[in-house]
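What follows is query_21.tsv (TSV, C-alpha atoms and all ligand atoms).
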```
chain	number	residue	atom	x	y	z
A	1	MET	CA	-5.00	15.23	-30.65
A	2	GLN	CA	-7.28	15.30	-27.64
A	3	LEU	CA	-5.40	15.19	-24.36
A	4	TRP	CA	-8.29	14.17	-22.13
A	5	ASN	CA	-10.93	11.43	-22.23
A	6	LYS	CA	-14.46	12.76	-22.13
A	7	LEU	CA	-16.54	9.61	-22.65
A	8	ASN	CA	-18.86	8.23	-19.97
A	9	LYS	CA	-18.53	4.81	-18.35
A	10	GLU	CA	-20.79	2.94	-20.78
A	11	GLU	CA	-19.18	4.45	-23.82
A	12	LEU	CA	-15.77	3.60	-22.47
A	13	GLU	CA	-16.70	-0.02	-21.78
A	14	LEU	CA	-18.11	-0.37	-25.26
A	15	GLN	CA	-14.98	1.15	-26.70
A	16	LEU	CA	-12.74	-1.28	-24.81
A	17	ARG	CA	-14.90	-4.23	-25.81
A	18	ASP	CA	-14.69	-3.05	-29.38
A	19	ILE	CA	-10.95	-2.81	-29.33
A	20	GLY	CA	-10.87	-6.29	-27.80
A	21	HIS	CA	-7.37	-6.23	-26.33
A	22	GLU	CA	-6.05	-8.59	-23.73
A	23	TYR	CA	-4.51	-6.53	-20.99
A	24	VAL	CA	-1.79	-6.99	-18.44
A	25	THR	CA	-1.89	-4.86	-15.32
A	26	ILE	CA	1.34	-3.08	-14.52
A	27	SER	CA	2.34	-0.84	-11.66
A	28	PHE	CA	5.51	1.13	-11.18
A	29	TYR	CA	6.77	4.21	-9.39
A	30	THR	CA	9.94	6.12	-8.99
A	31	TYR	CA	11.13	9.24	-7.29
A	32	ALA	CA	12.93	11.55	-9.67
A	33	LYS	CA	13.14	15.24	-10.31
A	34	ILE	CA	10.64	16.20	-12.97
A	35	ALA	CA	11.06	19.82	-13.91
A	36	ASN	CA	7.84	20.26	-15.85
A	37	PRO	CA	5.22	17.71	-14.76
A	38	SER	CA	2.50	19.08	-17.07
A	39	LEU	CA	4.65	18.77	-20.12
A	40	PHE	CA	5.74	15.29	-19.14
A	41	ARG	CA	2.12	14.40	-18.49
A	42	ASP	CA	1.06	15.38	-21.99
A	43	HIS	CA	4.00	13.51	-23.47
A	44	LEU	CA	3.01	10.31	-21.64
A	45	PHE	CA	-0.63	10.78	-22.53
A	46	VAL	CA	0.11	10.96	-26.24
A	47	MET	CA	2.53	8.06	-26.08
A	48	TRP	CA	0.23	5.76	-24.13
A	49	SER	CA	-2.97	6.72	-25.96
A	50	LYS	CA	-1.42	5.43	-29.15
A	51	LEU	CA	-0.82	2.08	-27.45
A	52	ASP	CA	-4.35	1.93	-25.97
A	53	VAL	CA	-2.97	1.95	-22.45
A	54	VAL	CA	-5.59	2.59	-19.75
A	55	GLY	CA	-5.27	3.21	-16.01
A	56	ARG	CA	-4.26	5.92	-13.61
A	57	THR	CA	-0.99	7.70	-13.15
A	58	TYR	CA	0.16	10.52	-10.93
A	59	ILE	CA	2.99	12.81	-11.85
A	60	ALA	CA	4.59	15.37	-9.60
A	61	HIS	CA	7.85	17.26	-9.34
A	62	GLU	CA	9.00	14.40	-7.11
A	63	GLY	CA	8.31	11.52	-9.51
A	64	ILE	CA	5.71	9.20	-11.00
A	65	ASN	CA	3.33	6.59	-9.59
A	66	SER	CA	1.47	4.49	-12.10
A	67	GLN	CA	-1.12	1.70	-12.18
A	68	ILE	CA	-2.09	0.85	-15.70
A	69	ALA	CA	-3.30	-1.87	-18.02
A	70	VAL	CA	-1.28	-2.41	-21.18
A	71	PRO	CA	-2.49	-4.44	-24.16
A	72	THR	CA	-0.41	-7.62	-24.09
A	73	LYS	CA	0.55	-7.38	-27.73
A	74	VAL	CA	2.19	-3.96	-27.38
A	75	LEU	CA	4.08	-4.85	-24.22
A	76	PRO	CA	7.56	-4.84	-25.83
A	77	GLU	CA	6.86	-1.51	-27.47
A	78	PHE	CA	5.48	-0.07	-24.25
A	79	ARG	CA	8.58	-1.11	-22.34
A	80	GLU	CA	10.94	0.20	-24.95
A	81	GLN	CA	9.26	3.59	-24.99
A	82	LEU	CA	9.16	3.80	-21.24
A	83	TYR	CA	12.82	2.90	-20.87
A	84	SER	CA	13.75	5.50	-23.44
A	85	ILE	CA	12.85	8.09	-20.80
A	86	ASP	CA	16.01	8.75	-18.88
A	87	PHE	CA	14.83	8.50	-15.30
A	88	LEU	CA	12.58	5.54	-16.11
A	89	ASN	CA	15.23	3.46	-17.78
A	90	GLY	CA	15.21	0.12	-15.98
A	91	VAL	CA	12.40	1.04	-13.59
A	92	ARG	CA	10.95	-2.10	-12.02
A	93	LEU	CA	7.57	-2.99	-13.48
A	94	ASN	CA	5.24	-5.05	-11.31
A	95	TYR	CA	3.05	-7.29	-13.41
A	96	ALA	CA	-0.22	-8.80	-12.32
A	97	PHE	CA	-1.14	-11.52	-14.76
A	98	ASP	CA	-3.31	-13.73	-12.67
A	99	GLU	CA	-5.43	-11.53	-10.50
A	100	ALA	CA	-9.10	-12.33	-10.59
A	101	GLU	CA	-10.25	-8.81	-11.19
A	102	ALA	CA	-12.96	-7.05	-13.08
A	103	GLU	CA	-12.94	-7.55	-16.84
A	104	PHE	CA	-11.70	-4.01	-17.27
A	105	PRO	CA	-9.85	-2.86	-14.17
A	106	PHE	CA	-9.47	0.56	-15.77
A	107	LEU	CA	-11.77	2.17	-18.29
A	108	LYS	CA	-9.66	5.00	-19.55
A	109	LEU	CA	-6.31	6.62	-19.40
A	110	LYS	CA	-6.06	9.13	-16.58
A	111	ILE	CA	-2.83	10.96	-16.00
A	112	LYS	CA	-2.90	13.62	-13.35
A	113	VAL	CA	-0.41	16.17	-12.19
A	114	ARG	CA	-0.32	16.34	-8.43
A	115	ASN	CA	1.76	17.92	-5.72
A	116	LYS	CA	2.97	14.52	-4.62
A	117	ILE	CA	2.89	11.01	-6.00
A	118	LEU	CA	2.13	9.61	-2.56
A	119	ALA	CA	-0.22	11.46	-0.22
A	120	ASP	CA	2.00	11.22	2.83
A	121	GLY	CA	2.08	14.77	4.15
A	122	LEU	CA	5.85	14.86	4.44
A	123	ASN	CA	7.58	18.10	3.79
A	124	ASP	CA	10.20	16.90	1.41
A	125	GLU	CA	11.44	20.23	0.18
A	126	THR	CA	13.89	19.78	3.02
A	127	PHE	CA	15.40	16.54	1.78
A	128	ASP	CA	16.22	14.94	-1.55
A	129	VAL	CA	13.85	12.02	-2.22
A	130	THR	CA	16.09	10.63	-4.93
A	131	LYS	CA	18.93	9.95	-2.46
A	132	LYS	CA	17.43	6.73	-1.23
A	133	GLY	CA	18.76	3.73	0.65
A	134	ILE	CA	20.44	0.64	-0.73
A	135	HIS	CA	18.00	-1.73	-2.37
A	136	LEU	CA	18.04	-5.33	-1.14
A	137	ASN	CA	16.69	-8.30	-3.02
A	138	ALA	CA	15.18	-11.25	-1.13
A	139	GLU	CA	18.48	-13.07	-0.77
A	140	GLU	CA	20.39	-10.00	0.40
A	141	PHE	CA	17.55	-9.16	2.74
A	142	ASN	CA	17.68	-12.60	4.36
A	143	LYS	CA	21.42	-12.37	4.77
A	144	LEU	CA	21.49	-8.92	6.30
A	145	THR	CA	18.60	-9.63	8.66
A	146	ASP	CA	20.37	-12.78	9.90
A	147	ASP	CA	22.87	-10.45	11.55
A	148	PRO	CA	21.63	-9.76	15.11
A	149	GLY	CA	23.10	-6.25	14.90
A	150	THR	CA	20.73	-5.26	12.09
A	151	MET	CA	17.66	-3.20	12.96
A	152	LEU	CA	14.70	-4.41	10.92
A	153	ILE	CA	11.78	-1.99	10.89
A	154	ASP	CA	8.27	-2.35	9.53
A	155	PHE	CA	7.18	0.92	7.90
A	156	ARG	CA	3.52	0.07	7.63
A	157	ASN	CA	0.67	0.96	9.94
A	158	HIS	CA	-0.44	-1.03	12.98
A	159	TYR	CA	-3.36	-2.75	11.26
A	160	GLU	CA	-1.06	-3.96	8.51
A	161	SER	CA	1.76	-5.39	10.61
A	162	GLU	CA	-0.72	-6.90	13.06
A	163	VAL	CA	-1.70	-9.72	10.68
A	164	GLY	CA	1.74	-10.37	9.23
A	165	HIS	CA	5.34	-9.19	9.41
A	166	PHE	CA	8.94	-10.30	9.16
A	167	LYS	CA	10.34	-12.33	12.05
A	168	GLY	CA	12.26	-10.14	14.44
A	169	ALA	CA	10.98	-6.85	13.01
A	170	ILE	CA	10.28	-3.79	15.10
A	171	LEU	CA	6.61	-2.95	14.61
A	172	PRO	CA	5.84	0.70	15.28
A	173	ASP	CA	2.25	1.03	16.47
A	174	VAL	CA	1.41	3.97	14.21
A	175	ASP	CA	-1.72	5.03	12.37
A	176	THR	CA	-0.17	6.80	9.41
A	177	PHE	CA	3.03	6.92	7.45
A	178	ARG	CA	3.35	10.65	8.07
A	179	ASP	CA	3.37	10.14	11.84
A	180	SER	CA	5.69	7.20	11.66
A	181	LEU	CA	8.90	8.83	10.45
A	182	PRO	CA	9.59	11.33	13.26
A	183	HIS	CA	8.25	8.80	15.72
A	184	ILE	CA	10.53	6.02	14.53
A	185	GLU	CA	13.45	8.40	14.56
A	186	GLU	CA	12.83	9.47	18.15
A	187	THR	CA	11.95	6.17	19.75
A	188	ILE	CA	13.81	3.57	17.72
A	189	LEU	CA	16.64	4.91	15.64
A	190	LYS	CA	18.14	7.68	17.71
A	191	GLY	CA	21.67	6.73	18.71
A	192	ASN	CA	21.91	4.02	16.07
A	193	GLU	CA	23.28	6.20	13.31
A	194	ASN	CA	25.99	3.69	12.44
A	195	LYS	CA	23.97	0.50	12.62
A	196	ASN	CA	22.60	-1.38	9.65
A	197	ILE	CA	19.01	-0.38	9.24
A	198	VAL	CA	16.68	-2.40	7.03
A	199	MET	CA	13.21	-1.13	6.27
A	200	TYR	CA	10.30	-2.72	4.47
A	201	CYS	CA	6.71	-1.99	3.46
A	202	THR	CA	4.05	-3.53	1.23
A	203	GLY	CA	5.30	-2.71	-2.24
A	204	GLY	CA	8.41	-0.66	-1.54
A	205	ILE	CA	7.17	2.84	-2.31
A	206	ARG	CA	6.95	4.06	1.27
A	207	CYS	CA	10.52	2.96	1.91
A	208	GLU	CA	11.77	4.85	-1.12
A	209	LYS	CA	10.90	8.02	0.70
A	210	ALA	CA	11.55	6.86	4.24
A	211	SER	CA	15.07	5.75	3.37
A	212	ALA	CA	15.86	9.11	1.77
A	213	TYR	CA	14.48	10.82	4.87
A	214	PHE	CA	16.69	8.85	7.25
A	215	LYS	CA	19.76	9.27	5.12
A	216	TYR	CA	19.13	12.99	5.20
A	217	LYS	CA	18.83	12.70	8.99
A	218	GLY	CA	22.36	11.29	9.19
A	219	PHE	CA	21.82	7.54	9.25
A	220	LYS	CA	24.63	5.96	7.28
A	221	ASN	CA	23.59	2.39	6.51
A	222	VAL	CA	20.02	2.58	5.33
A	223	HIS	CA	18.66	-0.36	3.34
A	224	GLN	CA	15.23	-1.09	1.94
A	225	LEU	CA	13.55	-4.23	0.68
A	226	GLU	CA	13.14	-3.70	-3.02
A	227	GLY	CA	9.58	-4.20	-4.21
A	228	GLY	CA	8.44	-4.73	-0.63
A	229	ILE	CA	6.78	-7.81	0.82
A	230	ILE	CA	4.94	-8.50	-2.44
A	231	LYS	CA	8.12	-9.03	-4.45
A	232	TYR	CA	9.93	-10.73	-1.56
A	233	ALA	CA	7.23	-13.38	-1.14
A	234	HIS	CA	7.22	-14.06	-4.84
A	235	ASP	CA	11.01	-14.20	-5.21
A	236	ALA	CA	11.70	-16.19	-2.04
A	237	LYS	CA	9.32	-18.87	-3.23
A	238	LYS	CA	10.66	-18.89	-6.76
A	239	GLN	CA	14.29	-19.03	-5.64
A	240	GLY	CA	13.70	-21.52	-2.85
A	241	LEU	CA	14.93	-19.13	-0.15
A	242	GLU	CA	13.90	-19.20	3.48
A	243	ASN	CA	10.65	-17.24	3.90
A	244	LYS	CA	11.07	-14.93	6.88
A	245	PHE	CA	7.62	-13.42	6.60
A	246	ILE	CA	4.95	-14.80	8.90
A	247	GLY	CA	1.21	-14.43	8.43
A	248	LYS	CA	-0.59	-12.33	5.90
A	249	ASN	CA	0.48	-9.39	3.79
A	250	PHE	CA	-2.22	-6.76	4.22
A	251	VAL	CA	-3.28	-5.24	0.90
A	252	PHE	CA	-5.71	-2.46	0.15
A	253	ASP	CA	-8.05	-4.32	-2.13
A	254	GLU	CA	-11.03	-6.58	-1.69
A	255	ARG	CA	-8.89	-9.43	-0.42
A	256	ARG	CA	-7.50	-7.33	2.46
A	257	GLY	CA	-4.59	-9.71	2.73
A	258	GLU	CA	-2.48	-12.21	0.91
A	259	ARG	CA	-1.50	-15.27	2.92
A	260	ILE	CA	2.25	-15.78	2.93
A	261	SER	CA	2.76	-18.29	5.73
A	262	ASP	CA	0.21	-20.47	7.48
A	263	ASP	CA	0.78	-18.78	10.84
A	264	ILE	CA	-2.12	-16.80	12.25
A	265	ILE	CA	-0.38	-14.22	14.40
A	266	SER	CA	-3.29	-11.99	15.41
A	267	VAL	CA	-6.55	-12.45	17.28
A	268	CYS	CA	-10.18	-11.60	16.67
A	269	HIS	CA	-10.72	-8.15	18.16
A	270	GLN	CA	-14.06	-9.24	19.57
A	271	CYS	CA	-13.40	-12.63	21.18
A	272	GLY	CA	-9.62	-13.01	21.28
A	273	GLU	CA	-9.50	-16.25	19.28
A	274	PRO	CA	-6.80	-16.58	16.58
A	275	ALA	CA	-7.94	-14.77	13.43
A	276	ASP	CA	-6.41	-12.57	10.76
A	277	THR	CA	-9.24	-11.55	8.48
A	278	HIS	CA	-10.12	-7.88	8.38
A	279	THR	CA	-13.73	-6.77	8.26
A	280	ASN	CA	-15.16	-3.38	7.46
A	281	CYS	CA	-17.99	-2.77	9.93
A	282	LEU	CA	-21.22	-2.87	7.92
A	283	ASN	CA	-22.79	0.05	9.75
A	284	ASN	CA	-22.48	2.89	7.26
A	285	ALA	CA	-21.86	5.37	10.02
A	286	CYS	CA	-18.90	3.33	11.28
A	287	HIS	CA	-16.94	1.37	8.65
A	288	LEU	CA	-14.32	0.51	11.22
A	289	LEU	CA	-11.63	-1.80	9.88
A	290	PHE	CA	-10.93	-4.55	12.39
A	291	ILE	CA	-10.11	-8.25	12.73
A	292	GLN	CA	-13.08	-10.56	13.07
A	293	CYS	CA	-13.29	-14.36	13.27
A	294	ASP	CA	-15.96	-16.32	11.43
A	295	GLY	CA	-17.92	-16.96	14.62
A	296	CYS	CA	-18.10	-13.29	15.51
A	297	LYS	CA	-18.84	-12.42	11.91
A	298	ASP	CA	-21.98	-14.53	12.20
A	299	SER	CA	-23.10	-13.33	15.59
A	300	PHE	CA	-22.31	-9.65	14.93
A	301	GLU	CA	-23.41	-9.78	11.28
A	302	ASN	CA	-20.17	-8.17	10.07
A	303	CYS	CA	-20.45	-5.33	12.57
A	304	CYS	CA	-17.88	-4.18	15.13
A	305	SER	CA	-20.31	-3.99	18.04
A	306	LYS	CA	-23.88	-4.72	19.13
A	307	GLU	CA	-24.57	-0.99	18.76
A	308	CYS	CA	-23.50	-1.01	15.13
A	309	GLN	CA	-25.41	-4.23	14.51
A	310	GLU	CA	-28.60	-2.66	15.84
A	311	ILE	CA	-28.16	0.37	13.61
A	312	HIS	CA	-27.29	-1.79	10.64
A	313	ASN	CA	-30.55	-3.68	11.07
A	314	LEU	CA	-32.72	-0.55	11.11
A	315	PRO	CA	-34.49	0.49	7.90
A	316	GLU	CA	-32.20	2.56	5.65
A	317	GLU	CA	-34.36	5.68	6.13
A	318	LYS	CA	-33.95	5.47	9.88
A	319	GLN	CA	-30.19	4.96	9.55
A	320	LYS	CA	-29.91	8.05	7.39
A	321	GLU	CA	-31.74	10.05	10.01
A	322	LEU	CA	-29.33	8.85	12.69
A	323	ARG	CA	-26.31	9.72	10.57
A	324	LYS	CA	-27.43	13.25	9.94
A	325	GLY	CA	-24.86	15.70	11.21
A	326	LEU	CA	-22.66	12.96	12.60
A	327	ASP	CA	-19.01	13.14	11.85
A	328	ASN	CA	-17.67	9.65	11.39
A	329	SER	CA	-14.33	10.59	9.92
A	330	ASN	CA	-12.63	9.83	13.20
A	331	GLN	CA	-13.35	6.13	13.04
A	332	ILE	CA	-12.41	5.79	9.42
A	333	PHE	CA	-9.11	7.41	10.20
A	334	LYS	CA	-8.61	5.40	13.36
A	335	LYS	CA	-8.54	2.16	11.46
A	336	GLY	CA	-8.87	-0.71	13.85
A	337	ARG	CA	-9.16	1.25	17.09
A	338	SER	CA	-12.41	1.54	18.98
A	339	LYS	CA	-13.51	1.28	22.58
A	340	HIS	CA	-15.80	-1.56	21.50
A	341	LEU	CA	-12.94	-3.82	20.51
A	342	LYS	CA	-11.85	-5.66	23.62
A	343	PHE	CA	-8.83	-7.32	22.08
A	344	LYS	CA	-7.26	-4.34	20.37
A	345	SER	CA	-5.24	-1.69	22.15
A	346	ASN	CA	-7.02	1.65	22.15
A	347	LYS	CA	-4.25	3.98	22.96
A	348	GLU	CA	-1.24	4.14	20.78
A	349	LYS	CA	1.49	2.32	22.60
A	350	HIS	CA	3.62	2.84	19.53
A	351	ILE	CA	6.35	0.27	19.82
A	352	SER	CA	6.01	-3.44	20.11
A	353	LEU	CA	8.95	-5.70	19.70
A	354	ASP	CA	8.09	-8.89	17.97
A	355	THR	CA	9.02	-11.65	20.36
A	356	ASN	CA	7.43	-14.18	18.12
A	357	LYS	CA	5.82	-15.94	21.05
A	358	LYS	CA	2.64	-16.97	19.34
A	359	ASN	CA	4.52	-19.01	16.80
A	360	LYS	CA	6.64	-21.05	19.12
A	401	ZN	ZN	-14.24	-13.63	17.35
A	402	ZN	ZN	-19.01	-0.43	13.83
```

Would you write out, as structure tokens, the structure that this file holds?
Ligand SMILES: [Zn+2]
Ligand SMILES: [Zn+2]
Amino acid sequence: MQLWNKLNKEELELQLRDIGHEYVTISFYTYAKIANPSLFRDHLFVMWSKLDVVGRTYIAHEGINSQIAVPTKVLPEFREQLYSIDFLNGVRLNYAFDEAEAEFPFLKLKIKVRNKILADGLNDETFDVTKKGIHLNAEEFNKLTDDPGTMLIDFRNHYESEVGHFKGAILPDVDTFRDSLPHIEETILKGNENKNIVMYCTGGIRCEKASAYFKYKGFKNVHQLEGGIIKYAHDAKKQGLENKFIGKNFVFDERRGERISDDIISVCHQCGEPADTHTNCLNNACHLLFIQCDGCKDSFENCCSKECQEIHNLPEEKQKELRKGLDNSNQIFKKGRSKHLKFKSNKEKHISLDTNKKNK
């Protein structure tokens, strides 16, 4: 059988329409030691092709990271086959039944072998990513974080924790996950080797690795919120537990954030009024990600500054001319930092302790 899809977009859409399945979107990941990723890749490809699974999956020596759509009617079979693979037996599957997405979120099955399942730039030859921290469910998380001796740390980037985070969490002001680990070790954790450490991130995958890293570094009581904020919010609600998360959970899709509590804990980066909606500056040479209130959205026309607004309003030809030879990668990387934004810190101050003032 063919091990790669070679059809174009239109052909693929027609094919999916023809097949006429109802799909459920599933994501899962796990760190494990995979001796021969290519072989495993082909095995999965054959298995999933037969079930008409579509979506994208990365496989590396360190594990698997998968976002796929599975035809609803083969779901039991899919699960059974997946769990028959040793290191995937019992892996947590995240289902998205109700997301208003495109008709076909994925057009074909893509399984790629990569060096890493998460592009984080960590050198993990030095430590064992499968020796991770203790997983906490929502209830256990609430209990452990009630203890004032517990150190609760947000492992996301500054623009994520800015709009929402757990009460009492330490919020490292970092731009990338790669930078955050040594930084957190130096400035927060050093000397606390015997304390209870609880870490969390959006969906749990960053903590899988971070917890293994800190255990390797000699920290004894490393815990992580299983399934991240996404699962916590869902479970806390379902089980009637106290919700310790305030504000919005930043997500990397069109919505930019999922509201979890009614608190608005951040301010518009342009006027300082309470706001927690991220905007991508409309100037194609900028695309800065920043927080903008509705008022500023109107007056700046979705741009981060008057300069960008002026450029955005030029004819496209003129804009192209201006962009020629300009390197804008800096601003895309520096999400949410720019000298134009009066109400956002420009230099990395790195640590801010949540004193929860705005909510009192
Ligand atoms: Zn504003
Ligand atoms: Zn801009």

Q) Which polymer residues have any atom within 10 Å of an atom of stretch 51-65 of chain A, counting all atoms listed in the file, with same-chain residues fewer than 2 positions away left out, as a VMD selection string? A) chain A and resid 16 19 21 23 to 38 40 to 41 44 to 49 67 to 71 73 to 75 77 to 78 87 to 88 104 to 118 124 to 125 128 to 130 205

(Q) For ligand ZN 401 (chain A), return the neighbouring residues as a ChimeraX atom specification (distance at most 8 Å; all atoms listed in the file). (A) /A:267-273,275,292-297

Q.
Around ligand ZN 402 (chain A), which protein and nucleic acid residues have at least one atom no more than 12 Å from it, if we count all atoms listed in the file? List them as a PyMOL selection string.
A. chain A and resi 270+279-292+300-312+328+331-332+334-341

Q) Which of these residues is nearest to A:Glu185, using all atoms listed in the file: A:Glu140, A:Lys215, A:Arg79, A:Lys6? A) A:Lys215

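Computed from the coordinates, the atom CA of A:Ala210 to atom CA of A:Leu181 distance equals 7.0 Å.
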
**Q.** Selection: 9 Å around stretch 152-160 of chain A, only C-alpha atoms, excl. self and same-chain fewer than 4 positions, as a PyMOL selection string
**A.** chain A and resi 145+164-166+168-177+180-181+184+196-202+206-207+210+248-251+257+278+289-291+335-336+350

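In terms of minimum interatomic distance to A:Leu3, A:Lys50 ranks closest within A:Lys217, A:Lys231, A:Arg17, A:Lys50, counting only C-alpha atoms.
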
Q. Any idea what the distance is between atom CA of A:Gly247 and atom CA of A:Thr277?
A. 10.8 Å

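Going from atom CA of A:Leu136 to atom CA of A:Phe219 covers 17.0 Å.
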
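Selection around (9.9, -8.5, -1.1) with radius 10 Å, counting all atoms listed in the file, yields the residues A:Leu136, A:Asn137, A:Ala138, A:Glu139, A:Phe141, A:Tyr200, A:Cys201, A:Thr202, A:Gly203, A:Gly204, A:Gln224, A:Leu225, A:Glu226, A:Gly227, A:Gly228, A:Ile229, A:Ile230, A:Lys231, A:Tyr232, A:Ala233, A:His234, A:Asp235, A:Ala236, A:Phe245.
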